[in-house]
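A.B. asks: This structure is in structure tokens; I'll ask about it shortly.
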Amino acid sequence: LPKLTSCTHSVPQLILLSMAAEKVTSLGKDWHRPCLRCEKCNKTLTSGGHAEHDGKPYCNHPCYAALFGPKGFGRGGAESHTFK
């Protein structure tokens, strides 16, 4: 794969990724499949199967829900998961 706009790999890393990964499109950008990761927990995400905030990908639960969802007891199911 050529260097993608959302990745910052060096040339040797790109060669390895191009052999092992396919391109996915998400958030209006092209990504190497292993590079589409949650900004908070670094979990690998699937195209269209995640949330977005300020142009950055987040897993739906728990990261997006805990960081940007409703606050308070019993709201959104993320009240037991907090980030510091």
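Starting from 1 in every chain, residues are counted up; chains themselves are A, B, ... following the order of the structure tokens, and ligands are numbered from 1 as listed.
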Neighbouring residues of His32 of chain A were defined as those with any atom within 7 Å, considering only C-alpha atoms; residues of the same chain fewer than 4 positions away were excluded. Please report them as a list in words.
C.D. replies: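 The contact residues come out as Ala21, Glu22, Lys23, Val24 and Leu36 of chain A.
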A.B. asks: If we count only C-alpha atoms and set the cut-off at 12 Å, which residues sit around segment 51-53 of chain A, ignoring sequence neighbours fewer than 5 positions away in its own chain? Please answer as a PyMOL selection string.
C.D. replies: chain A and resi 26-28+36-40+45-46+58-65+67-69
A.B. asks: Can you write out the residues you just picked, keeping N, CA and C atoms, as a short mmCIF file (atom, residue, chain, number, x, y, z; two decimals), in the first residue's frame?
C.D. replies:
```cif
data_model
loop_
_atom_site.label_atom_id
_atom_site.label_comp_id
_atom_site.auth_asym_id
_atom_site.auth_seq_id
_atom_site.Cartn_x
_atom_site.Cartn_y
_atom_site.Cartn_z
N SER A 26 -12.38 4.99 6.49
CA SER A 26 -13.22 5.37 7.61
C SER A 26 -12.93 6.82 7.94
N LEU A 27 -13.95 7.55 8.38
CA LEU A 27 -13.83 8.95 8.75
C LEU A 27 -13.31 9.79 7.59
N GLY A 28 -13.61 9.35 6.37
CA GLY A 28 -13.20 10.08 5.19
C GLY A 28 -11.73 9.95 4.85
N LEU A 36 -6.26 1.47 12.11
CA LEU A 36 -7.54 2.05 12.54
C LEU A 36 -7.79 1.59 13.96
N ARG A 37 -7.40 2.41 14.92
CA ARG A 37 -7.44 2.04 16.34
C ARG A 37 -8.12 3.13 17.16
N CYS A 38 -8.69 2.71 18.28
CA CYS A 38 -9.30 3.64 19.23
C CYS A 38 -8.24 4.59 19.77
N GLU A 39 -8.54 5.87 19.78
CA GLU A 39 -7.61 6.88 20.30
C GLU A 39 -7.32 6.69 21.78
N LYS A 40 -8.24 6.12 22.54
CA LYS A 40 -8.06 5.99 23.98
C LYS A 40 -7.43 4.65 24.37
N LEU A 45 -10.11 -1.28 15.32
CA LEU A 45 -11.51 -1.04 15.00
C LEU A 45 -11.82 -1.51 13.58
N THR A 46 -13.10 -1.69 13.31
CA THR A 46 -13.54 -2.03 11.96
C THR A 46 -14.14 -0.79 11.31
N TYR A 58 -12.94 6.13 17.96
CA TYR A 58 -13.04 5.58 19.32
C TYR A 58 -13.90 4.33 19.27
N CYS A 59 -13.59 3.32 20.11
CA CYS A 59 -14.49 2.18 20.20
C CYS A 59 -15.78 2.69 20.86
N ASN A 60 -16.90 2.09 20.49
CA ASN A 60 -18.19 2.56 21.00
C ASN A 60 -18.30 2.41 22.51
N HIS A 61 -17.85 1.27 23.01
CA HIS A 61 -17.97 0.98 24.44
C HIS A 61 -16.71 0.27 24.88
N PRO A 62 -16.00 0.71 25.87
CA PRO A 62 -16.42 1.74 26.80
C PRO A 62 -15.91 3.14 26.48
N CYS A 63 -14.95 3.29 25.60
CA CYS A 63 -14.25 4.58 25.46
C CYS A 63 -15.15 5.74 25.06
N TYR A 64 -15.84 5.65 23.92
CA TYR A 64 -16.66 6.77 23.48
C TYR A 64 -17.76 7.07 24.50
N ALA A 65 -18.40 6.02 24.99
CA ALA A 65 -19.49 6.21 25.95
C ALA A 65 -18.99 6.88 27.23
N LEU A 67 -16.17 8.70 27.64
CA LEU A 67 -15.59 10.02 27.42
C LEU A 67 -16.60 11.08 27.00
N PHE A 68 -17.57 10.69 26.14
CA PHE A 68 -18.43 11.69 25.52
C PHE A 68 -19.92 11.44 25.70
N GLY A 69 -20.29 10.33 26.32
CA GLY A 69 -21.70 10.00 26.49
C GLY A 69 -22.31 10.73 27.66
#
```
A.B. asks: Enter the distance from atom CA of Thr44 of chain A to atom CA of Ala66 of chain A, in Å, rounded to one decimal.
C.D. replies: 18.0 Å
A.B. asks: Mind pulling up the distance from atom CA of Lys56 of chain A to atom CA of Lys71 of chain A?
C.D. replies: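 Atom-to-atom, atom CA of Lys71 of chain A and atom CA of Lys56 of chain A are spaced 20.9 Å apart.
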